[in-house]
>>> print(open('query.cif').read())   # mmCIF, C-alpha atoms
data_entry
loop_
_atom_site.group_PDB
_atom_site.id
_atom_site.type_symbol
_atom_site.label_atom_id
_atom_site.label_comp_id
_atom_site.auth_asym_id
_atom_site.auth_seq_id
_atom_site.Cartn_x
_atom_site.Cartn_y
_atom_site.Cartn_z
ATOM 1 C CA MET A 244 12.688 118.557 44.366
ATOM 2 C CA ILE A 245 8.973 118.848 43.845
ATOM 3 C CA ILE A 246 9.275 117.020 40.552
ATOM 4 C CA ARG A 247 11.369 114.256 42.197
ATOM 5 C CA PHE A 248 8.795 113.854 44.985
ATOM 6 C CA MET A 249 5.991 113.516 42.467
ATOM 7 C CA VAL A 250 7.903 110.916 40.490
ATOM 8 C CA THR A 251 8.773 108.944 43.613
ATOM 9 C CA THR A 252 5.179 109.036 44.826
ATOM 10 C CA SER A 253 3.912 107.870 41.463
ATOM 11 C CA ALA A 254 6.424 105.052 41.421
ATOM 12 C CA LEU A 255 5.305 103.891 44.878
ATOM 13 C CA ALA A 256 1.675 104.033 43.825
ATOM 14 C CA ILE A 257 2.409 101.942 40.723
ATOM 15 C CA ALA A 258 4.411 99.439 42.802
ATOM 16 C CA GLY A 259 1.591 99.201 45.338
ATOM 17 C CA ALA A 260 -0.966 98.645 42.618
ATOM 18 C CA ALA A 261 1.221 95.979 41.057
ATOM 19 C CA THR A 262 1.607 94.211 44.416
ATOM 20 C CA GLY A 263 -2.142 94.277 44.928
ATOM 21 C CA TYR A 264 -2.670 92.898 41.428
ATOM 22 C CA VAL A 265 -0.216 90.064 42.062
ATOM 23 C CA GLN A 266 -1.927 89.200 45.381
ATOM 24 C CA ALA A 267 -5.353 89.245 43.753
ATOM 25 C CA ALA A 268 -4.138 87.035 40.914
ATOM 26 C CA SER A 269 -2.526 84.688 43.421
ATOM 27 C CA MET A 270 -5.743 84.379 45.404
ATOM 28 C CA GLN A 271 -7.725 83.758 42.240
ATOM 29 C CA ALA A 272 -5.449 80.826 41.402
ATOM 30 C CA TYR A 273 -5.294 79.472 44.987
ATOM 31 C CA PRO A 274 -5.067 76.631 45.712
ATOM 32 C CA THR A 275 -2.733 75.117 43.149
ATOM 33 C CA LYS A 276 -1.766 72.061 45.214
ATOM 34 C CA PRO A 277 -3.235 69.859 47.980
ATOM 35 C CA LEU A 278 -4.175 71.365 51.351
ATOM 36 C CA ARG A 279 -3.291 69.676 54.635
ATOM 37 C CA LEU A 280 -5.622 69.862 57.647
ATOM 38 C CA LEU A 281 -3.834 68.760 60.821
ATOM 39 C CA VAL A 282 -5.906 67.039 63.505
ATOM 40 C CA GLY A 283 -4.365 66.733 66.951
ATOM 41 C CA PHE A 284 -6.050 63.435 67.791
ATOM 42 C CA SER A 285 -6.123 59.861 66.534
ATOM 43 C CA PRO A 286 -8.468 58.735 63.728
ATOM 44 C CA GLY A 287 -12.050 57.928 64.659
ATOM 45 C CA GLY A 288 -12.671 60.763 67.102
ATOM 46 C CA ALA A 289 -15.117 63.638 66.679
ATOM 47 C CA SER A 290 -12.404 66.078 65.578
ATOM 48 C CA ASP A 291 -11.182 63.625 62.956
ATOM 49 C CA ILE A 292 -14.648 62.710 61.649
ATOM 50 C CA THR A 293 -15.949 66.260 61.286
ATOM 51 C CA THR A 294 -12.662 67.490 59.774
ATOM 52 C CA ARG A 295 -12.769 64.778 57.126
ATOM 53 C CA ILE A 296 -16.357 65.628 56.202
ATOM 54 C CA LEU A 297 -15.519 69.319 55.865
ATOM 55 C CA GLY A 298 -12.299 68.512 54.023
ATOM 56 C CA GLN A 299 -14.245 66.570 51.423
ATOM 57 C CA LYS A 300 -16.491 69.571 50.734
ATOM 58 C CA LEU A 301 -13.500 71.914 50.494
ATOM 59 C CA SER A 302 -11.827 69.512 48.063
ATOM 60 C CA GLU A 303 -14.915 69.646 45.845
ATOM 61 C CA ALA A 304 -14.968 73.454 46.013
ATOM 62 C CA PHE A 305 -11.257 73.957 45.323
ATOM 63 C CA GLY A 306 -10.654 71.113 42.891
ATOM 64 C CA GLN A 307 -7.647 70.061 44.956
ATOM 65 C CA PRO A 308 -7.188 67.215 47.458
ATOM 66 C CA VAL A 309 -7.679 68.221 51.097
ATOM 67 C CA ILE A 310 -5.744 65.768 53.235
ATOM 68 C CA THR A 311 -6.551 65.103 56.890
ATOM 69 C CA ASP A 312 -3.264 64.573 58.732
ATOM 70 C CA ASN A 313 -3.625 63.039 62.214
ATOM 71 C CA ARG A 314 -0.812 64.012 64.610
ATOM 72 C CA ALA A 315 -2.029 62.689 67.939
ATOM 73 C CA GLY A 316 -0.354 63.401 71.255
ATOM 74 C CA ALA A 317 -0.005 65.988 74.012
ATOM 75 C CA SER A 318 -3.736 66.808 73.889
ATOM 76 C CA GLY A 319 -3.385 68.147 70.361
ATOM 77 C CA ALA A 320 -0.284 70.252 71.061
ATOM 78 C CA ILE A 321 1.871 68.315 68.578
ATOM 79 C CA ALA A 322 -0.381 69.233 65.654
ATOM 80 C CA ALA A 323 -0.625 72.829 66.869
ATOM 81 C CA ARG A 324 3.157 73.203 67.009
ATOM 82 C CA ILE A 325 3.549 71.899 63.457
ATOM 83 C CA VAL A 326 1.040 74.406 62.094
ATOM 84 C CA ALA A 327 2.443 77.274 64.167
ATOM 85 C CA GLN A 328 5.849 76.658 62.592
ATOM 86 C CA SER A 329 4.536 76.311 59.025
ATOM 87 C CA ALA A 330 4.477 78.905 56.276
ATOM 88 C CA PRO A 331 1.273 81.025 56.257
ATOM 89 C CA ASP A 332 0.638 80.243 52.590
ATOM 90 C CA GLY A 333 -2.745 78.567 53.010
ATOM 91 C CA TYR A 334 -1.618 74.983 52.455
ATOM 92 C CA THR A 335 -1.246 73.930 56.095
ATOM 93 C CA LEU A 336 -4.165 74.476 58.482
ATOM 94 C CA LEU A 337 -4.997 73.411 62.020
ATOM 95 C CA SER A 338 -8.299 71.818 62.869
ATOM 96 C CA GLY A 339 -8.385 73.552 66.226
ATOM 97 C CA ALA A 340 -10.429 72.267 69.146
ATOM 98 C CA THR A 341 -11.450 73.559 72.563
ATOM 99 C CA SER A 342 -8.711 71.512 74.193
ATOM 100 C CA ILE A 343 -5.946 72.652 71.838
ATOM 101 C CA LEU A 344 -6.731 76.350 71.879
ATOM 102 C CA ALA A 345 -8.369 77.011 75.264
ATOM 103 C CA LEU A 346 -7.333 74.218 77.628
ATOM 104 C CA ASN A 347 -3.698 73.479 76.810
ATOM 105 C CA PRO A 348 -2.487 77.048 77.482
ATOM 106 C CA ALA A 349 -3.739 76.758 81.068
ATOM 107 C CA MET A 350 -2.720 73.117 81.509
ATOM 108 C CA MET A 351 0.815 73.164 80.140
ATOM 109 C CA ALA A 352 3.753 75.177 81.389
ATOM 110 C CA LYS A 353 5.206 75.184 77.852
ATOM 111 C CA PRO A 354 2.664 74.072 75.234
ATOM 112 C CA GLY A 355 5.032 75.159 72.457
ATOM 113 C CA TYR A 356 2.626 77.629 70.891
ATOM 114 C CA ASP A 357 0.504 80.661 71.740
ATOM 115 C CA SER A 358 -3.161 80.254 70.811
ATOM 116 C CA ILE A 359 -3.508 83.972 70.091
ATOM 117 C CA LYS A 360 -0.129 84.988 68.648
ATOM 118 C CA ASP A 361 0.810 81.915 66.603
ATOM 119 C CA PHE A 362 -2.366 81.446 64.547
ATOM 120 C CA THR A 363 -4.682 83.311 62.201
ATOM 121 C CA PRO A 364 -8.282 82.149 62.797
ATOM 122 C CA VAL A 365 -10.300 81.399 59.648
ATOM 123 C CA SER A 366 -13.698 80.252 60.919
ATOM 124 C CA GLN A 367 -15.371 78.216 63.606
ATOM 125 C CA THR A 368 -16.678 75.027 62.009
ATOM 126 C CA VAL A 369 -18.523 72.771 64.453
ATOM 127 C CA SER A 370 -20.202 72.834 67.836
ATOM 128 C CA MET A 371 -21.450 69.763 69.648
ATOM 129 C CA PRO A 372 -22.409 68.418 73.037
ATOM 130 C CA GLN A 373 -20.724 65.642 74.946
ATOM 131 C CA VAL A 374 -22.658 62.694 76.271
ATOM 132 C CA LEU A 375 -21.970 60.793 79.471
ATOM 133 C CA VAL A 376 -21.988 57.104 78.548
ATOM 134 C CA VAL A 377 -21.297 54.066 80.696
ATOM 135 C CA HIS A 378 -20.499 50.440 79.961
ATOM 136 C CA PRO A 379 -23.573 48.159 80.296
ATOM 137 C CA SER A 380 -21.904 46.434 83.255
ATOM 138 C CA VAL A 381 -22.267 49.621 85.326
ATOM 139 C CA LYS A 382 -25.360 49.286 87.503
ATOM 140 C CA ALA A 383 -26.739 52.765 86.907
ATOM 141 C CA SER A 384 -29.517 53.762 84.547
ATOM 142 C CA SER A 385 -29.464 57.472 85.392
ATOM 143 C CA LEU A 386 -26.970 60.132 86.388
ATOM 144 C CA LYS A 387 -28.376 60.192 89.926
ATOM 145 C CA GLU A 388 -27.832 56.443 90.230
ATOM 146 C CA LEU A 389 -24.270 56.769 88.902
ATOM 147 C CA ILE A 390 -23.465 59.481 91.442
ATOM 148 C CA ALA A 391 -24.901 57.347 94.234
ATOM 149 C CA LEU A 392 -22.870 54.342 93.047
ATOM 150 C CA ALA A 393 -19.675 56.404 92.910
ATOM 151 C CA LYS A 394 -20.250 57.734 96.418
ATOM 152 C CA ALA A 395 -20.817 54.207 97.702
ATOM 153 C CA ARG A 396 -17.613 53.003 95.993
ATOM 154 C CA PRO A 397 -15.167 55.968 96.108
ATOM 155 C CA GLY A 398 -12.104 55.499 93.906
ATOM 156 C CA GLU A 399 -13.322 52.195 92.442
ATOM 157 C CA LEU A 400 -14.923 53.466 89.226
ATOM 158 C CA ASN A 401 -12.735 54.809 86.452
ATOM 159 C CA TYR A 402 -13.253 56.831 83.303
ATOM 160 C CA SER A 403 -11.360 57.288 80.064
ATOM 161 C CA SER A 404 -10.620 60.503 78.208
ATOM 162 C CA SER A 405 -8.979 61.567 74.968
ATOM 163 C CA GLY A 406 -6.002 62.877 76.923
ATOM 164 C CA LEU A 407 -4.927 64.761 80.016
ATOM 165 C CA GLY A 408 -6.531 68.189 79.896
ATOM 166 C CA SER A 409 -8.846 67.266 77.036
ATOM 167 C CA SER A 410 -12.486 68.323 76.966
ATOM 168 C CA SER A 411 -13.587 64.820 77.911
ATOM 169 C CA HIS A 412 -11.234 64.916 80.907
ATOM 170 C CA LEU A 413 -12.392 68.299 82.157
ATOM 171 C CA ALA A 414 -16.080 67.471 81.704
ATOM 172 C CA ILE A 415 -15.719 64.602 84.174
ATOM 173 C CA GLU A 416 -13.554 66.727 86.464
ATOM 174 C CA LEU A 417 -16.317 69.335 86.489
ATOM 175 C CA LEU A 418 -18.815 66.600 87.353
ATOM 176 C CA LYS A 419 -16.556 65.384 90.180
ATOM 177 C CA TYR A 420 -16.132 68.918 91.495
ATOM 178 C CA MET A 421 -19.865 69.640 91.467
ATOM 179 C CA THR A 422 -20.946 66.319 93.022
ATOM 180 C CA GLY A 423 -18.042 65.374 95.292
ATOM 181 C CA ILE A 424 -17.566 61.924 93.749
ATOM 182 C CA ASN A 425 -14.174 60.203 93.424
ATOM 183 C CA LEU A 426 -13.412 58.655 90.009
ATOM 184 C CA VAL A 427 -10.067 57.446 88.589
ATOM 185 C CA HIS A 428 -8.814 59.017 85.349
ATOM 186 C CA VAL A 429 -7.405 56.811 82.557
ATOM 187 C CA PRO A 430 -6.163 59.082 79.716
ATOM 188 C CA PHE A 431 -5.634 58.013 76.100
ATOM 189 C CA LYS A 432 -4.336 59.735 72.935
ATOM 190 C CA GLY A 433 -7.755 60.544 71.528
ATOM 191 C CA SER A 434 -11.329 59.314 71.363
ATOM 192 C CA GLY A 435 -10.244 56.746 68.784
ATOM 193 C CA GLN A 436 -8.439 54.923 71.628
ATOM 194 C CA SER A 437 -10.502 55.853 74.671
ATOM 195 C CA MET A 438 -13.788 54.668 73.171
ATOM 196 C CA PRO A 439 -12.553 51.114 72.379
ATOM 197 C CA ALA A 440 -11.330 50.860 75.978
ATOM 198 C CA LEU A 441 -14.841 51.674 77.197
ATOM 199 C CA LEU A 442 -16.490 49.267 74.756
ATOM 200 C CA ALA A 443 -14.160 46.524 75.994
ATOM 201 C CA GLY A 444 -15.106 47.223 79.610
ATOM 202 C CA GLN A 445 -11.591 48.290 80.575
ATOM 203 C CA VAL A 446 -13.071 51.533 81.915
ATOM 204 C CA GLN A 447 -16.576 52.282 83.136
ATOM 205 C CA MET A 448 -17.506 55.638 81.595
ATOM 206 C CA ILE A 449 -16.570 58.638 79.485
ATOM 207 C CA PHE A 450 -17.939 62.102 78.704
ATOM 208 C CA ASP A 451 -17.377 61.880 74.960
ATOM 209 C CA PRO A 452 -18.433 63.941 71.921
ATOM 210 C CA LEU A 453 -21.868 62.905 70.716
ATOM 211 C CA PRO A 454 -20.720 61.856 67.197
ATOM 212 C CA THR A 455 -18.485 59.080 68.536
ATOM 213 C CA SER A 456 -20.883 57.947 71.271
ATOM 214 C CA LEU A 457 -24.202 57.981 69.420
ATOM 215 C CA PRO A 458 -23.633 54.898 67.204
ATOM 216 C CA HIS A 459 -22.752 52.755 70.221
ATOM 217 C CA VAL A 460 -25.740 54.010 72.187
ATOM 218 C CA LYS A 461 -28.048 53.146 69.282
ATOM 219 C CA THR A 462 -26.720 49.580 69.125
ATOM 220 C CA GLY A 463 -26.975 49.130 72.890
ATOM 221 C CA LYS A 464 -23.231 48.712 73.404
ATOM 222 C CA LEU A 465 -23.232 51.740 75.720
ATOM 223 C CA ARG A 466 -25.809 53.394 77.972
ATOM 224 C CA ALA A 467 -26.269 57.174 77.771
ATOM 225 C CA LEU A 468 -27.033 58.986 81.040
ATOM 226 C CA ALA A 469 -26.877 62.722 80.271
ATOM 227 C CA ILE A 470 -25.941 65.383 77.722
ATOM 228 C CA SER A 471 -23.409 68.067 78.640
ATOM 229 C CA THR A 472 -25.017 71.177 77.151
ATOM 230 C CA ALA A 473 -27.657 73.486 78.595
ATOM 231 C CA LYS A 474 -30.226 72.241 76.059
ATOM 232 C CA ARG A 475 -31.083 68.751 74.876
ATOM 233 C CA SER A 476 -29.685 67.544 71.578
ATOM 234 C CA PRO A 477 -32.023 67.026 68.582
ATOM 235 C CA ALA A 478 -30.044 63.845 67.906
ATOM 236 C CA MET A 479 -31.077 62.421 71.319
ATOM 237 C CA PRO A 480 -34.177 64.387 72.364
ATOM 238 C CA ASP A 481 -35.124 61.931 75.120
ATOM 239 C CA LEU A 482 -31.770 62.186 76.859
ATOM 240 C CA PRO A 483 -31.803 64.738 79.709
ATOM 241 C CA THR A 484 -29.130 67.338 80.231
ATOM 242 C CA ALA A 485 -26.852 66.876 83.228
ATOM 243 C CA ALA A 486 -28.617 69.831 84.842
ATOM 244 C CA GLU A 487 -32.013 68.198 84.318
ATOM 245 C CA ALA A 488 -30.614 64.916 85.638
ATOM 246 C CA GLY A 489 -29.728 66.478 88.972
ATOM 247 C CA VAL A 490 -26.445 68.396 88.633
ATOM 248 C CA ARG A 491 -27.800 71.923 88.486
ATOM 249 C CA GLY A 492 -25.620 74.431 86.632
ATOM 250 C CA PHE A 493 -23.536 71.824 84.807
ATOM 251 C CA GLU A 494 -22.635 72.803 81.236
ATOM 252 C CA SER A 495 -19.786 71.896 78.910
ATOM 253 C CA SER A 496 -19.684 72.032 75.107
ATOM 254 C CA LEU A 497 -17.165 71.419 72.357
ATOM 255 C CA TRP A 498 -16.243 73.526 69.358
ATOM 256 C CA TYR A 499 -13.844 73.197 66.465
ATOM 257 C CA GLY A 500 -12.471 75.615 63.886
ATOM 258 C CA LEU A 501 -9.836 76.089 61.183
ATOM 259 C CA LEU A 502 -6.740 78.239 61.670
ATOM 260 C CA LEU A 503 -3.752 79.237 59.561
ATOM 261 C CA PRO A 504 -0.274 80.016 60.871
ATOM 262 C CA ALA A 505 0.225 83.596 62.034
ATOM 263 C CA GLY A 506 0.977 86.072 59.274
ATOM 264 C CA ALA A 507 -1.565 84.802 56.750
ATOM 265 C CA SER A 508 -2.830 87.556 54.463
ATOM 266 C CA ASN A 509 -6.340 88.968 54.696
ATOM 267 C CA PRO A 510 -7.237 87.936 51.107
ATOM 268 C CA LEU A 511 -6.231 84.346 51.933
ATOM 269 C CA VAL A 512 -8.276 84.328 55.134
ATOM 270 C CA ASP A 513 -11.255 85.802 53.305
ATOM 271 C CA LYS A 514 -11.130 83.211 50.525
ATOM 272 C CA LEU A 515 -10.866 80.306 52.961
ATOM 273 C CA ASN A 516 -13.559 81.742 55.226
ATOM 274 C CA THR A 517 -15.969 82.021 52.281
ATOM 275 C CA ALA A 518 -15.232 78.461 51.162
ATOM 276 C CA VAL A 519 -15.626 77.055 54.679
ATOM 277 C CA ASN A 520 -18.912 78.834 55.364
ATOM 278 C CA ASP A 521 -20.307 77.870 51.960
ATOM 279 C CA ALA A 522 -19.437 74.241 52.721
ATOM 280 C CA LEU A 523 -21.045 74.417 56.172
ATOM 281 C CA ARG A 524 -24.292 75.658 54.604
ATOM 282 C CA SER A 525 -24.497 72.842 52.063
ATOM 283 C CA PRO A 526 -27.542 70.607 52.725
ATOM 284 C CA ASP A 527 -25.627 67.332 52.489
ATOM 285 C CA LEU A 528 -23.005 68.444 55.040
ATOM 286 C CA VAL A 529 -25.708 69.736 57.401
ATOM 287 C CA GLU A 530 -27.450 66.372 57.091
ATOM 288 C CA ARG A 531 -24.277 64.396 57.736
ATOM 289 C CA PHE A 532 -23.398 66.517 60.769
ATOM 290 C CA ALA A 533 -26.942 66.184 62.132
ATOM 291 C CA ALA A 534 -26.700 62.404 61.901
ATOM 292 C CA LEU A 535 -23.616 62.645 64.102
ATOM 293 C CA GLY A 536 -25.190 65.012 66.603
ATOM 294 C CA ALA A 537 -22.969 67.894 65.460
ATOM 295 C CA GLU A 538 -24.027 71.341 64.291
ATOM 296 C CA PRO A 539 -22.301 73.511 61.644
ATOM 297 C CA ALA A 540 -20.996 76.649 63.320
ATOM 298 C CA GLY A 541 -19.665 78.919 60.615
ATOM 299 C CA SER A 542 -18.449 82.363 61.641
ATOM 300 C CA THR A 543 -16.363 85.314 60.600
ATOM 301 C CA ALA A 544 -12.661 85.211 61.351
ATOM 302 C CA ILE A 545 -13.098 88.037 63.867
ATOM 303 C CA ALA A 546 -15.918 86.245 65.691
ATOM 304 C CA PHE A 547 -13.837 83.073 65.921
ATOM 305 C CA SER A 548 -10.926 85.081 67.349
ATOM 306 C CA LYS A 549 -13.249 86.441 70.030
ATOM 307 C CA THR A 550 -14.535 82.959 70.881
ATOM 308 C CA ILE A 551 -10.990 81.657 71.354
ATOM 309 C CA ALA A 552 -10.071 84.538 73.674
ATOM 310 C CA GLU A 553 -13.246 84.112 75.764
ATOM 311 C CA GLU A 554 -12.781 80.342 76.098
ATOM 312 C CA ILE A 555 -9.151 80.750 77.169
ATOM 313 C CA THR A 556 -10.299 83.004 80.015
ATOM 314 C CA LYS A 557 -13.219 80.750 81.034
ATOM 315 C CA TRP A 558 -11.361 77.440 81.143
ATOM 316 C CA GLY A 559 -8.222 79.007 82.559
ATOM 317 C CA ARG A 560 -10.190 79.849 85.706
ATOM 318 C CA VAL A 561 -11.645 76.325 85.932
ATOM 319 C CA ILE A 562 -8.277 74.621 85.517
ATOM 320 C CA LYS A 563 -6.567 76.907 88.017
ATOM 321 C CA SER A 564 -9.336 76.351 90.546
ATOM 322 C CA ALA A 565 -9.096 72.573 90.138
ATOM 323 C CA GLY A 566 -5.295 72.626 90.262
ATOM 324 C CA ILE A 567 -4.948 70.494 87.116
ATOM 325 C CA ARG A 568 -1.546 70.488 85.418
ATOM 326 C CA ALA A 569 -0.225 68.500 82.478
ATOM 327 C CA GLU A 570 2.389 65.900 83.382
#
>>> encode(input="query.cif", output="structure tokens")
Amino acid sequence: MIIRFMVTTSALAIAGAATGYVQAASMQAYPTKPLRLLVGFSPGGASDITTRILGQKLSEAFGQPVITDNRAGASGAIAARIVAQSAPDGYTLLSGATSILALNPAMMAKPGYDSIKDFTPVSQTVSMPQVLVVHPSVKASSLKELIALAKARPGELNYSSSGLGSSSHLAIELLKYMTGINLVHVPFKGSGQSMPALLAGQVQMIFDPLPTSLPHVKTGKLRALAISTAKRSPAMPDLPTAAEAGVRGFESSLWYGLLLPAGASNPLVDKLNTAVNDALRSPDLVERFAALGAEPAGSTAIAFSKTIAEEITKWGRVIKSAGIRAE
């Protein structure tokens, strides 16, 4: 029996070593076909733009096409469901956003996925502020003037967002809550649709990611009133924060990151994490992000997991307090 035990143990050890060798060889060859990065919003928005820039760098690193696949709708939940139901083989990833991972779980009774259980975080990729912009027809050149105008005309001014429960929606809702103003919400299926509505004067304002707002502010098509973060943005150093502009304590920021379906192997996560963080450190990507008002935000997979959990708790309280529910 002793001899049989020793033989069995040796056989298991050899099998384990062989499995490890196969996994290592597989990771060395990965990827052998195109990767697909799903974006939960329409083309032209901040999530789409930054994902495409990162995807280009990953394509150069891997020698394989990295395809950005826009699946807009349900505040990003459609894209999240597709990834959650995909094989964890490294060829289908979610470009996760604050709204998809932290807001939807509190907004929707049945989002169709669990932000913690259904995904394997790879790395945070981008952080950026939002900027409050208004159409030139709005007679307000500062946040204080806009608040005064809204109080004088309750329920007459409206604002667009990239969807019910999106970051742009909740940023305005936070502003309404903190100032007592009454604004009408007009949701769209992403910044790629909500921004044209603002430019056309169909709505009066939006709290939108800096990358999609900045070009229009520079050309004078929109007027910027405040930045959403606690500190000013290097891309618009003369623009005050909302707190500086009179709404003390106001702060809202956006973040994005890549995730695999649940069950992805550690070697796969490690290889993707290394590639993503190397790309985020490349000077040309840093320069392109800076021009958009975005900042590379590489991280470990563990750190990104922690960020997701903390943001779910934070925004869950805000949404519950405001009584906001998805339709």
>>> residues_around(input="query.cif", residues="Lys432 (chain A)", least_positions_apart="3", cutoff="8 Å", atoms="only C-alpha atoms", output="list in words")
Phe284, Ser285, Ala315, Gly316, Ala317, Ser318, Ser405, Gly406, Gly435, Gln436 and Ser437 of chain A
>>> closest_atom_pairs(input="query.cif", of="region 491-537 of chain A", to="region 408-415 of chain A", cutoff="12 Å", atoms="only C-alpha atoms", output="tab-separated table")
residue	atom	partner	partner_atom	distance
A:Phe493	CA	A:Ala414	CA	9.2
A:Glu494	CA	A:Ala414	CA	8.5
A:Ser495	CA	A:Ala414	CA	6.4
A:Ser496	CA	A:Ser410	CA	8.3
A:Leu497	CA	A:Ser410	CA	7.3
A:Trp498	CA	A:Ser410	CA	10.0
A:Tyr499	CA	A:Ser410	CA	11.7
>>> residues_around(input="query.cif", residues="Pro348 (chain A)", least_positions_apart="5", cutoff="8 Å", atoms="all atoms listed in the file", output="VMD selection string")
chain A and resid 343 353 to 354 357 to 358 555 559
>>> write_last_selection(input="query.cif", atoms="C-alpha atoms", output="PDB file, in the frame of the given file")
ATOM      1  CA  ILE A 343      -5.946  72.652  71.838  1.00  0.00           C
ATOM      2  CA  LYS A 353       5.206  75.184  77.852  1.00  0.00           C
ATOM      3  CA  PRO A 354       2.664  74.072  75.234  1.00  0.00           C
ATOM      4  CA  ASP A 357       0.504  80.661  71.740  1.00  0.00           C
ATOM      5  CA  SER A 358      -3.161  80.254  70.811  1.00  0.00           C
ATOM      6  CA  ILE A 555      -9.151  80.750  77.169  1.00  0.00           C
ATOM      7  CA  GLY A 559      -8.222  79.007  82.559  1.00  0.00           C
TER       8      GLY A 559
END
>>> closest_residue(input="query.cif", among="A:Thr422, A:Asn509, A:Thr543, A:Ser380", to="Gly444 (chain A)", atoms="all atoms listed in the file")
A:Ser380
>>> closest_residue(input="query.cif", among="A:Gly541, A:Pro379, A:Pro480, A:Gly298", to="Arg466 (chain A)", atoms="all atoms listed in the file")
A:Pro379
>>> closest_residue(input="query.cif", among="A:Ser508, A:Thr517, A:Ser471, A:Ser525", to="Met371 (chain A)", atoms="all atoms listed in the file")
A:Ser471
>>> atom_distance(input="query.cif", atom1="CA of Pro364 (chain A)", atom2="CA of Glu303 (chain A)")
22.1 Å
>>> atom_distance(input="query.cif", atom1="CA of Asp451 (chain A)", atom2="CA of Leu375 (chain A)")
6.5 Å
>>> residues_around(input="query.cif", residues="Leu523 (chain A)", least_positions_apart="3", cutoff="7 Å", atoms="only C-alpha atoms", output="JSON, numbers by chain")
{"A": [519, 520, 528, 529, 539, 541]}
>>> write_last_selection(input="query.cif", atoms="C-alpha atoms", output="PDB file, in the coordinates of the input")
ATOM      1  CA  VAL A 519     -15.626  77.055  54.679  1.00  0.00           C
ATOM      2  CA  ASN A 520     -18.912  78.834  55.364  1.00  0.00           C
ATOM      3  CA  LEU A 528     -23.005  68.444  55.040  1.00  0.00           C
ATOM      4  CA  VAL A 529     -25.708  69.736  57.401  1.00  0.00           C
ATOM      5  CA  PRO A 539     -22.301  73.511  61.644  1.00  0.00           C
ATOM      6  CA  GLY A 541     -19.665  78.919  60.615  1.00  0.00           C
TER       7      GLY A 541
END
>>> closest_residue(input="query.cif", among="A:Met351, A:Ala505, A:Met479, A:Ala304", to="Gln328 (chain A)", atoms="all atoms listed in the file")
A:Ala505
